[in-house]
file start_34.cif (mmCIF, C-alpha atoms and all ligand atoms)
data_model
#
loop_
_atom_site.label_atom_id
_atom_site.label_comp_id
_atom_site.auth_asym_id
_atom_site.auth_seq_id
_atom_site.Cartn_x
_atom_site.Cartn_y
_atom_site.Cartn_z
CA MET A 582 -11.47 -16.43 15.07
CA GLU A 583 -9.33 -13.79 16.76
CA LEU A 584 -8.07 -10.91 14.63
CA HIS A 585 -4.44 -11.74 15.42
CA GLU A 586 -4.93 -15.41 14.40
CA TRP A 587 -6.18 -14.33 10.98
CA ALA A 588 -3.38 -11.74 10.64
CA GLY A 589 -0.86 -14.37 11.74
CA ARG A 590 -1.98 -16.74 8.99
CA VAL A 591 -1.85 -14.00 6.33
CA PHE A 592 1.57 -12.81 7.50
CA GLY A 593 3.07 -16.23 8.13
CA GLY A 594 1.59 -18.06 5.14
CA ASP A 595 4.03 -19.12 2.46
CA CYS A 596 1.46 -19.44 -0.34
CA LEU A 597 -1.13 -17.22 -1.96
CA GLU A 598 -4.02 -19.20 -0.43
CA GLU A 599 -2.90 -18.13 3.06
CA LYS A 600 -1.86 -14.60 2.12
CA LEU A 601 -5.27 -14.07 0.52
CA LEU A 602 -7.23 -15.81 3.28
CA ALA A 603 -10.52 -14.02 3.94
CA PRO A 604 -11.52 -13.49 7.59
CA PRO A 605 -13.91 -16.40 8.30
CA GLY A 606 -17.44 -14.95 8.40
CA GLY A 607 -16.15 -11.46 7.46
CA ILE A 608 -14.26 -8.86 9.46
CA LYS A 609 -17.14 -8.21 11.85
CA ALA A 610 -17.10 -11.85 12.90
CA LEU A 611 -13.49 -11.58 14.10
CA SER A 612 -13.01 -11.02 17.82
CA ASP A 613 -10.13 -8.98 19.23
CA LEU A 614 -10.21 -10.03 22.88
CA THR A 615 -6.63 -11.30 23.18
CA PRO A 616 -4.48 -9.39 20.67
CA GLY A 617 -1.40 -11.20 22.00
CA PRO A 618 2.18 -9.98 22.46
CA ALA A 619 3.67 -7.48 20.01
CA VAL A 620 5.52 -9.18 17.14
CA THR A 621 8.74 -7.50 15.98
CA TRP A 622 9.41 -7.08 12.26
CA ARG A 623 10.65 -9.96 10.19
CA ARG A 624 10.37 -10.56 6.49
CA PRO A 625 7.31 -12.62 5.61
CA PRO A 626 7.97 -15.92 3.84
CA ARG A 627 8.12 -15.94 0.05
CA SER A 628 9.21 -19.01 -1.82
CA GLY A 629 8.86 -20.54 -5.28
CA ARG A 630 7.11 -18.21 -7.72
CA LEU A 631 6.66 -15.54 -5.03
CA ALA A 632 10.35 -15.38 -4.06
CA ILE A 633 12.07 -11.99 -4.09
CA ALA A 634 14.47 -11.84 -7.05
CA PRO A 635 18.18 -11.18 -6.45
CA LYS A 636 19.11 -7.57 -7.28
CA GLY A 637 20.82 -8.36 -10.59
CA GLN A 638 17.73 -10.12 -11.96
CA ARG A 639 15.19 -7.36 -11.34
CA ILE A 640 13.71 -5.40 -14.21
CA LYS A 641 13.33 -1.64 -14.47
CA PHE A 642 9.93 0.00 -14.20
CA PRO A 643 8.90 1.06 -17.73
CA ARG A 644 8.96 4.67 -18.82
CA PRO A 645 5.53 6.38 -19.14
CA THR A 646 6.15 6.84 -22.87
CA ALA A 647 6.43 3.04 -23.32
CA MET A 648 2.89 2.23 -22.16
CA ASP A 649 1.63 1.86 -25.70
CA GLN A 650 3.38 -1.54 -25.68
CA GLN A 651 1.44 -4.37 -24.03
CA GLU A 652 4.66 -5.89 -22.65
CA MET A 653 5.38 -2.67 -20.74
CA ARG A 654 1.83 -2.44 -19.41
CA VAL A 655 2.19 -6.03 -18.20
CA ARG A 656 5.45 -5.14 -16.45
CA SER A 657 3.77 -2.19 -14.74
CA LEU A 658 0.73 -4.20 -13.64
CA HIS A 659 3.01 -6.95 -12.31
CA VAL A 660 4.92 -4.39 -10.22
CA PHE A 661 1.63 -2.93 -8.95
CA ALA A 662 0.42 -6.43 -8.02
CA ASN A 663 3.56 -7.00 -5.98
CA HIS A 664 3.00 -3.64 -4.24
CA GLU A 665 -0.44 -4.92 -3.19
CA LEU A 666 1.04 -8.18 -1.94
CA MET A 667 3.77 -6.42 0.08
CA ALA A 668 1.17 -3.97 1.43
CA LEU A 669 -1.16 -6.74 2.62
CA GLU A 670 1.72 -8.68 4.19
CA MET A 671 2.83 -5.57 6.05
CA MET A 672 -0.72 -4.72 7.12
CA ALA A 673 -1.04 -8.20 8.60
CA TRP A 674 2.25 -7.59 10.41
CA ALA A 675 1.02 -4.21 11.73
CA LEU A 676 -1.99 -6.00 13.28
CA LEU A 677 0.47 -8.32 15.03
CA ALA A 678 2.93 -5.54 15.91
CA PHE A 679 0.48 -3.14 17.57
CA PRO A 680 -1.81 -5.23 19.79
CA GLU A 681 -2.37 -2.23 22.09
CA ALA A 682 -3.58 0.13 19.37
CA ASP A 683 -7.15 1.38 19.60
CA ALA A 684 -9.74 -1.28 18.67
CA SER A 685 -11.10 0.94 15.89
CA PHE A 686 -7.55 1.38 14.48
CA ARG A 687 -7.23 -2.42 14.32
CA GLN A 688 -10.66 -2.89 12.76
CA GLY A 689 -9.95 -0.19 10.17
CA LEU A 690 -6.60 -1.71 9.34
CA ALA A 691 -8.22 -5.13 8.92
CA GLN A 692 -10.64 -3.59 6.40
CA VAL A 693 -7.78 -2.03 4.44
CA LEU A 694 -5.99 -5.41 4.44
CA VAL A 695 -9.07 -7.08 2.92
CA ASP A 696 -9.15 -4.34 0.25
CA GLU A 697 -5.48 -5.00 -0.58
CA GLN A 698 -6.20 -8.73 -0.93
CA ARG A 699 -8.95 -7.81 -3.41
CA HIS A 700 -6.64 -5.42 -5.27
CA PHE A 701 -3.98 -8.12 -5.59
CA ARG A 702 -6.59 -10.50 -7.02
CA LEU A 703 -7.82 -7.87 -9.49
CA TYR A 704 -4.28 -7.28 -10.78
CA CYS A 705 -3.74 -11.05 -11.08
CA GLU A 706 -6.97 -11.42 -13.06
CA ARG A 707 -5.98 -8.61 -15.40
CA LEU A 708 -2.49 -10.10 -15.85
CA SER A 709 -4.07 -13.47 -16.53
CA ASP A 710 -6.24 -11.92 -19.28
CA MET A 711 -2.99 -10.63 -20.78
CA GLY A 712 -1.44 -14.11 -20.64
CA VAL A 713 0.75 -13.67 -17.55
CA THR A 714 0.68 -15.34 -14.13
CA PHE A 715 1.88 -13.45 -11.08
CA GLY A 716 5.46 -14.56 -10.47
CA ASP A 717 6.33 -14.84 -14.17
CA LEU A 718 8.38 -11.64 -13.75
CA PRO A 719 10.90 -10.94 -10.96
CA VAL A 720 9.61 -9.10 -7.87
CA ASN A 721 11.37 -6.83 -5.37
CA ASP A 722 11.10 -6.28 -1.62
CA HIS A 723 10.95 -2.49 -1.64
CA PHE A 724 8.21 -1.96 0.99
CA TRP A 725 9.72 -4.44 3.43
CA ARG A 726 12.94 -2.49 3.71
CA ALA A 727 11.18 0.02 6.00
CA GLY A 728 9.98 -2.71 8.38
CA PRO A 729 12.76 -2.30 10.98
CA ASP A 730 12.12 1.49 11.20
CA ILE A 731 8.44 1.19 12.16
CA SER A 732 7.97 1.13 15.93
CA ASN A 733 4.47 2.44 16.62
CA PRO A 734 1.09 3.08 14.94
CA LEU A 735 2.07 6.69 14.10
CA ASP A 736 5.20 5.51 12.24
CA TRP A 737 3.00 2.97 10.53
CA VAL A 738 0.38 5.37 9.18
CA CYS A 739 3.10 7.77 8.00
CA PHE A 740 5.02 5.01 6.22
CA MET A 741 2.16 3.11 4.62
CA HIS A 742 -1.00 5.17 4.35
CA LEU A 743 0.50 8.64 3.98
CA THR A 744 3.45 7.90 1.71
CA PHE A 745 2.89 4.74 -0.37
CA GLU A 746 -0.88 5.08 -0.47
CA GLN A 747 -0.91 8.88 -0.71
CA SER A 748 1.41 8.65 -3.73
CA ASN A 749 -1.07 6.29 -5.35
CA LEU A 750 -3.61 9.13 -5.40
CA ASP A 751 -1.32 10.53 -8.11
CA HIS A 752 0.08 7.31 -9.64
CA ALA A 753 -3.23 5.48 -10.13
CA PRO A 754 -4.95 8.17 -12.26
CA PHE A 755 -1.66 8.88 -14.06
CA TYR A 756 -1.18 5.28 -15.20
CA GLY A 757 -4.93 4.92 -15.74
CA ARG A 758 -4.74 7.74 -18.28
CA LEU A 759 -1.70 6.21 -19.99
CA PHE A 760 -3.47 2.83 -20.24
CA GLN A 761 -6.57 4.56 -21.61
CA GLU A 762 -4.49 6.38 -24.22
CA ALA A 763 -3.03 3.00 -25.22
CA GLY A 764 -6.59 1.72 -25.75
CA ASP A 765 -6.35 -0.63 -22.76
CA GLU A 766 -9.73 0.11 -21.21
CA ALA A 767 -9.69 -2.85 -18.80
CA SER A 768 -6.39 -1.80 -17.19
CA ALA A 769 -7.58 1.83 -17.07
CA ALA A 770 -10.79 0.77 -15.28
CA LEU A 771 -8.74 -1.22 -12.78
CA MET A 772 -6.63 1.84 -11.95
CA GLN A 773 -9.84 3.82 -11.33
CA THR A 774 -11.05 1.16 -8.86
CA ILE A 775 -7.70 1.27 -7.05
CA PHE A 776 -7.77 5.09 -7.00
CA GLU A 777 -11.25 5.23 -5.42
CA ASP A 778 -10.30 2.71 -2.70
CA GLU A 779 -7.00 4.46 -2.04
CA ILE A 780 -8.86 7.64 -1.05
CA HIS A 781 -10.38 5.63 1.84
CA HIS A 782 -7.01 4.17 2.79
CA VAL A 783 -5.35 7.61 2.89
CA ARG A 784 -8.37 8.83 4.88
CA PHE A 785 -7.62 6.11 7.45
CA GLY A 786 -4.03 7.40 7.63
CA ALA A 787 -5.15 11.04 7.95
CA ARG A 788 -7.57 10.15 10.75
CA TRP A 789 -4.89 8.44 12.81
CA LEU A 790 -2.20 11.01 12.03
CA LYS A 791 -4.53 13.62 13.58
CA HIS A 792 -5.24 11.29 16.50
CA TYR A 793 -1.54 10.88 17.34
CA GLN A 794 -0.45 14.44 16.43
CA PRO A 795 1.36 15.99 19.44
CA GLU A 796 0.13 19.41 20.58
CA GLY A 797 2.05 22.36 19.14
CA GLN A 798 3.13 20.52 15.99
CA SER A 799 1.64 20.89 12.54
CA LEU A 800 0.22 17.82 10.88
CA PHE A 801 2.96 17.94 8.26
CA GLN A 802 5.71 18.24 10.91
CA THR A 803 4.36 15.16 12.65
CA PHE A 804 4.20 13.33 9.34
CA SER A 805 7.77 14.33 8.36
CA GLN A 806 9.19 13.22 11.69
CA HIS A 807 7.62 9.79 11.46
CA CYS A 808 8.32 8.93 7.82
CA ALA A 809 10.61 5.96 7.32
CA GLU A 810 14.09 6.72 5.96
CA ILE A 811 13.38 4.98 2.65
CA ASN A 812 10.10 6.88 2.35
CA PRO A 813 10.60 10.61 2.98
CA PRO A 814 7.53 12.90 2.59
CA ALA A 815 8.24 13.59 -1.10
CA ARG A 816 7.65 9.89 -1.81
CA GLY A 817 4.02 10.55 -0.95
CA LYS A 818 3.35 12.14 -4.34
CA GLY A 819 3.67 11.34 -8.02
CA LEU A 820 4.21 13.29 -11.21
CA GLU A 821 0.73 14.84 -11.37
CA PHE A 822 -0.42 16.17 -8.00
CA GLN A 823 -4.10 15.40 -7.25
CA GLU A 824 -5.27 18.04 -4.83
CA GLU A 825 -8.97 17.13 -4.80
CA ALA A 826 -8.27 13.48 -4.01
CA ARG A 827 -6.19 14.54 -1.00
CA ARG A 828 -8.98 16.80 0.19
CA ALA A 829 -11.44 13.91 -0.24
CA ALA A 830 -9.08 11.82 1.91
CA GLY A 831 -9.42 14.31 4.77
CA LEU A 832 -6.04 16.05 4.44
CA ASP A 833 -6.24 19.78 5.20
CA ASP A 834 -5.10 22.68 3.02
CA ASP A 835 -1.87 23.32 4.99
CA PHE A 836 -0.85 19.69 4.74
CA ILE A 837 -1.69 19.56 1.04
CA GLN A 838 0.32 22.73 0.36
CA ALA A 839 3.32 21.36 2.30
CA MET A 840 3.08 18.12 0.29
CA ARG A 841 3.00 20.06 -2.94
CA GLU A 842 6.14 21.98 -1.98
CA CYS A 843 8.24 19.25 -0.35
CA ARG A 844 11.30 17.95 -2.22
CA GLY A 845 13.66 15.08 -1.68
FE FE B 901 -4.24 -1.48 -2.86
FE FE B 902 -4.34 0.83 -0.41
#
call {"tool": "encode", "arguments": {"input": "start_34.cif", "output": "structure tokens", "more": "lines below"}}
Ligand SMILES: [Fe+2]
Ligand SMILES: [Fe+2]
result
Amino acid sequence: MELHEWAGRVFGGDCLEEKLLAPPGGIKALSDLTPGPAVTWRRPPRSGRLAIAPKGQRIKFPRPTAMDQQEMRVRSLHVFANHELMALEMMAWALLAFPEADASFRQGLAQVLVDEQRHFRLYCERLSDMGVTFGDLPVNDHFWRAGPDISNPLDWVCFMHLTFEQSNLDHAPFYGRLFQEAGDEASAALMQTIFEDEIHHVRFGARWLKHYQPEGQSLFQTFSQHCAEINPPARGKGLEFQEEARRAAGLDDDFIQAMRECRG
């Protein structure tokens, strides 16, 4: 199967079976000989239990101090699961949107997509152990709102890998610790798995940010200029800044310092 056919099924599928479709035979078995014409952004289909809730019906993300209540941990995990689902939908779109990107960019992105499918499944399994099915709570379309602003692979890595995923280097251990303190070892272990994978995903972003960095510009300047409007650089961090994780993801000291200092 061609890479774009698989991505097209994941992006265009209106059910979890299609969105979570594994590449037949594994990623290495996919060919990328005819990546096809570039596909402009559109919202992927969501219906039934997966439908995006109208604004008035959405629920607030719980406060960190409320994580001792199972109901609030469930709410958080449900939000995180939807982040994974939006991320994998958008990654499938990026494979369709950038057919001319380097072959190793496309292969790497396909690997990240498979990881996000696994993450979504892991959250669903944990929710199921807590008596909840994905879709029982309302979901939002936050990630998708940047879709129209992303025009090239550099915009893409800044929006997805270096803001949403970089921020998870802080969020995942932060919520993992709160879950642990609440005695919820299984949810804490899940956050650790996500954290370890996210280092690789941010590393993918850092690699391609450096690849596309124009001469005479710092890495952080390039990043700032290509962040989506809804996702300025400061969205790439959480409440507790994890310096070592960023270094492990291949970000240099100047970039890390600029991240630490940025506001907005
Ligand atoms: Fe993920
Ligand atoms: Fe990720």
call {"tool": "residues_near_ligand", "arguments": {"input": "start_34.cif", "ligand": "ligand FE 902 (chain B)", "cutoff": "8 Å", "atoms": "all atoms listed in the file", "output": "PDB file with C-alpha atoms, keeping the file's coordinate frame"}}
result
ATOM      1  CA  GLU A 665      -0.440  -4.920  -3.190  1.00  0.00           C
ATOM      2  CA  ALA A 668       1.170  -3.970   1.430  1.00  0.00           C
ATOM      3  CA  VAL A 693      -7.780  -2.030   4.440  1.00  0.00           C
ATOM      4  CA  ASP A 696      -9.150  -4.340   0.250  1.00  0.00           C
ATOM      5  CA  GLU A 697      -5.480  -5.000  -0.580  1.00  0.00           C
ATOM      6  CA  HIS A 742      -1.000   5.170   4.350  1.00  0.00           C
ATOM      7  CA  GLU A 746      -0.880   5.080  -0.470  1.00  0.00           C
ATOM      8  CA  ILE A 775      -7.700   1.270  -7.050  1.00  0.00           C
ATOM      9  CA  ASP A 778     -10.300   2.710  -2.700  1.00  0.00           C
ATOM     10  CA  GLU A 779      -7.000   4.460  -2.040  1.00  0.00           C
ATOM     11  CA  HIS A 782      -7.010   4.170   2.790  1.00  0.00           C
ATOM     12  CA  VAL A 783      -5.350   7.610   2.890  1.00  0.00           C
TER      13      VAL A 783
END
call {"tool": "residues_around", "arguments": {"input": "start_34.cif", "residues": "Glu842 (chain A)", "least_positions_apart": "6", "cutoff": "12 Å", "atoms": "all atoms listed in the file", "output": "count of residues only"}}
result
8
call {"tool": "residues_near_ligand", "arguments": {"input": "start_34.cif", "ligand": "ligand FE 901 (chain B)", "cutoff": "12 Å", "atoms": "only C-alpha atoms and all ligand atoms", "output": "ChimeraX atom specification"}}
result
/A:661-670,672,692-704,741-742,745-750,752-753,771-783
call {"tool": "atom_distance", "arguments": {"input": "start_34.cif", "atom1": "CA of Pro616 (chain A)", "atom2": "CA of Lys600 (chain A)"}}
result
19.4 Å
call {"tool": "atom_distance", "arguments": {"input": "start_34.cif", "atom1": "CA of Asp613 (chain A)", "atom2": "CA of Leu832 (chain A)"}}
result
29.4 Å
call {"tool": "atom_distance", "arguments": {"input": "start_34.cif", "atom1": "CA of Ser732 (chain A)", "atom2": "CA of Trp587 (chain A)"}}
result
21.5 Å
call {"tool": "closest_residue", "arguments": {"input": "start_34.cif", "among": "A:Pro645, A:Gly712, A:Pro754, A:Pro604", "to": "Gln823 (chain A)", "atoms": "only C-alpha atoms"}}
result
A:Pro754
call {"tool": "closest_residue", "arguments": {"input": "start_34.cif", "among": "A:Arg654, A:Ala632, A:Met648, A:Tyr793", "to": "Asp683 (chain A)", "atoms": "all atoms listed in the file"}}
result
A:Tyr793
call {"tool": "closest_residue", "arguments": {"input": "start_34.cif", "among": "A:Leu743, A:Pro734, A:Asp765, A:Gly845", "to": "Phe686 (chain A)", "atoms": "all atoms listed in the file"}}
result
A:Pro734
call {"tool": "closest_residue", "arguments": {"input": "start_34.cif", "among": "A:Arg784, A:His723, A:Arg844, A:Arg827", "to": "Ile811 (chain A)", "atoms": "only C-alpha atoms"}}
result
A:His723
call {"tool": "residues_near_point", "arguments": {"input": "start_34.cif", "point": "(-4.5, -10.8, -18.3)", "cutoff": "12 Å", "atoms": "all atoms listed in the file", "output": "PDB file with C-alpha atoms, in the coordinates of the input"}}
result
ATOM      1  CA  GLN A 651       1.440  -4.370 -24.030  1.00  0.00           C
ATOM      2  CA  GLU A 652       4.660  -5.890 -22.650  1.00  0.00           C
ATOM      3  CA  ARG A 654       1.830  -2.440 -19.410  1.00  0.00           C
ATOM      4  CA  VAL A 655       2.190  -6.030 -18.200  1.00  0.00           C
ATOM      5  CA  ARG A 656       5.450  -5.140 -16.450  1.00  0.00           C
ATOM      6  CA  LEU A 658       0.730  -4.200 -13.640  1.00  0.00           C
ATOM      7  CA  HIS A 659       3.010  -6.950 -12.310  1.00  0.00           C
ATOM      8  CA  ARG A 702      -6.590 -10.500  -7.020  1.00  0.00           C
ATOM      9  CA  LEU A 703      -7.820  -7.870  -9.490  1.00  0.00           C
ATOM     10  CA  TYR A 704      -4.280  -7.280 -10.780  1.00  0.00           C
ATOM     11  CA  CYS A 705      -3.740 -11.050 -11.080  1.00  0.00           C
ATOM     12  CA  GLU A 706      -6.970 -11.420 -13.060  1.00  0.00           C
ATOM     13  CA  ARG A 707      -5.980  -8.610 -15.400  1.00  0.00           C
ATOM     14  CA  LEU A 708      -2.490 -10.100 -15.850  1.00  0.00           C
ATOM     15  CA  SER A 709      -4.070 -13.470 -16.530  1.00  0.00           C
ATOM     16  CA  ASP A 710      -6.240 -11.920 -19.280  1.00  0.00           C
ATOM     17  CA  MET A 711      -2.990 -10.630 -20.780  1.00  0.00           C
ATOM     18  CA  GLY A 712      -1.440 -14.110 -20.640  1.00  0.00           C
ATOM     19  CA  VAL A 713       0.750 -13.670 -17.550  1.00  0.00           C
ATOM     20  CA  THR A 714       0.680 -15.340 -14.130  1.00  0.00           C
ATOM     21  CA  PHE A 715       1.880 -13.450 -11.080  1.00  0.00           C
ATOM     22  CA  ASP A 765      -6.350  -0.630 -22.760  1.00  0.00           C
ATOM     23  CA  ALA A 767      -9.690  -2.850 -18.800  1.00  0.00           C
ATOM     24  CA  SER A 768      -6.390  -1.800 -17.190  1.00  0.00           C
ATOM     25  CA  LEU A 771      -8.740  -1.220 -12.780  1.00  0.00           C
TER      26      LEU A 771
END
call {"tool": "residues_around", "arguments": {"input": "start_34.cif", "residues": "Lys641 (chain A)", "least_positions_apart": "5", "cutoff": "12 Å", "atoms": "all atoms listed in the file", "output": "number ranges by chain"}}
result
A: 636, 653, 656-657, 659-660, 718-721
call {"tool": "closest_residue", "arguments": {"input": "start_34.cif", "among": "A:Trp737, A:Phe760, A:Phe785, A:Phe804", "to": "Ala675 (chain A)", "atoms": "only C-alpha atoms"}}
result
A:Trp737
call {"tool": "residues_around", "arguments": {"input": "start_34.cif", "residues": "Cys596 (chain A)", "least_positions_apart": "5", "cutoff": "9 Å", "atoms": "all atoms listed in the file", "output": "PyMOL selection string"}}
result
chain A and resi 601+626-629+631
call {"tool": "write_last_selection", "arguments": {"input": "start_34.cif", "atoms": "C-alpha atoms", "output": "PDB file, keeping the file's coordinate frame"}}
result
ATOM      1  CA  LEU A 601      -5.270 -14.070   0.520  1.00  0.00           C
ATOM      2  CA  PRO A 626       7.970 -15.920   3.840  1.00  0.00           C
ATOM      3  CA  ARG A 627       8.120 -15.940   0.050  1.00  0.00           C
ATOM      4  CA  SER A 628       9.210 -19.010  -1.820  1.00  0.00           C
ATOM      5  CA  GLY A 629       8.860 -20.540  -5.280  1.00  0.00           C
ATOM      6  CA  LEU A 631       6.660 -15.540  -5.030  1.00  0.00           C
TER       7      LEU A 631
END
call {"tool": "residues_around", "arguments": {"input": "start_34.cif", "residues": "Glu586 (chain A)", "least_positions_apart": "4", "cutoff": "10 Å", "atoms": "all atoms listed in the file", "output": "PDB file with C-alpha atoms, in the frame of the given file"}}
result
ATOM      1  CA  MET A 582     -11.470 -16.430  15.070  1.00  0.00           C
ATOM      2  CA  ARG A 590      -1.980 -16.740   8.990  1.00  0.00           C
ATOM      3  CA  VAL A 591      -1.850 -14.000   6.330  1.00  0.00           C
ATOM      4  CA  PHE A 592       1.570 -12.810   7.500  1.00  0.00           C
ATOM      5  CA  PRO A 604     -11.520 -13.490   7.590  1.00  0.00           C
ATOM      6  CA  LEU A 611     -13.490 -11.580  14.100  1.00  0.00           C
ATOM      7  CA  SER A 612     -13.010 -11.020  17.820  1.00  0.00           C
ATOM      8  CA  ASP A 613     -10.130  -8.980  19.230  1.00  0.00           C
ATOM      9  CA  THR A 615      -6.630 -11.300  23.180  1.00  0.00           C
ATOM     10  CA  PRO A 616      -4.480  -9.390  20.670  1.00  0.00           C
ATOM     11  CA  GLY A 617      -1.400 -11.200  22.000  1.00  0.00           C
ATOM     12  CA  LEU A 676      -1.990  -6.000  13.280  1.00  0.00           C
ATOM     13  CA  LEU A 677       0.470  -8.320  15.030  1.00  0.00           C
TER      14      LEU A 677
END
call {"tool": "closest_residue", "arguments": {"input": "start_34.cif", "among": "A:Asp736, A:Glu825, A:Asp833, A:Asp717", "to": "Ala634 (chain A)", "atoms": "all atoms listed in the file"}}
result
A:Asp717
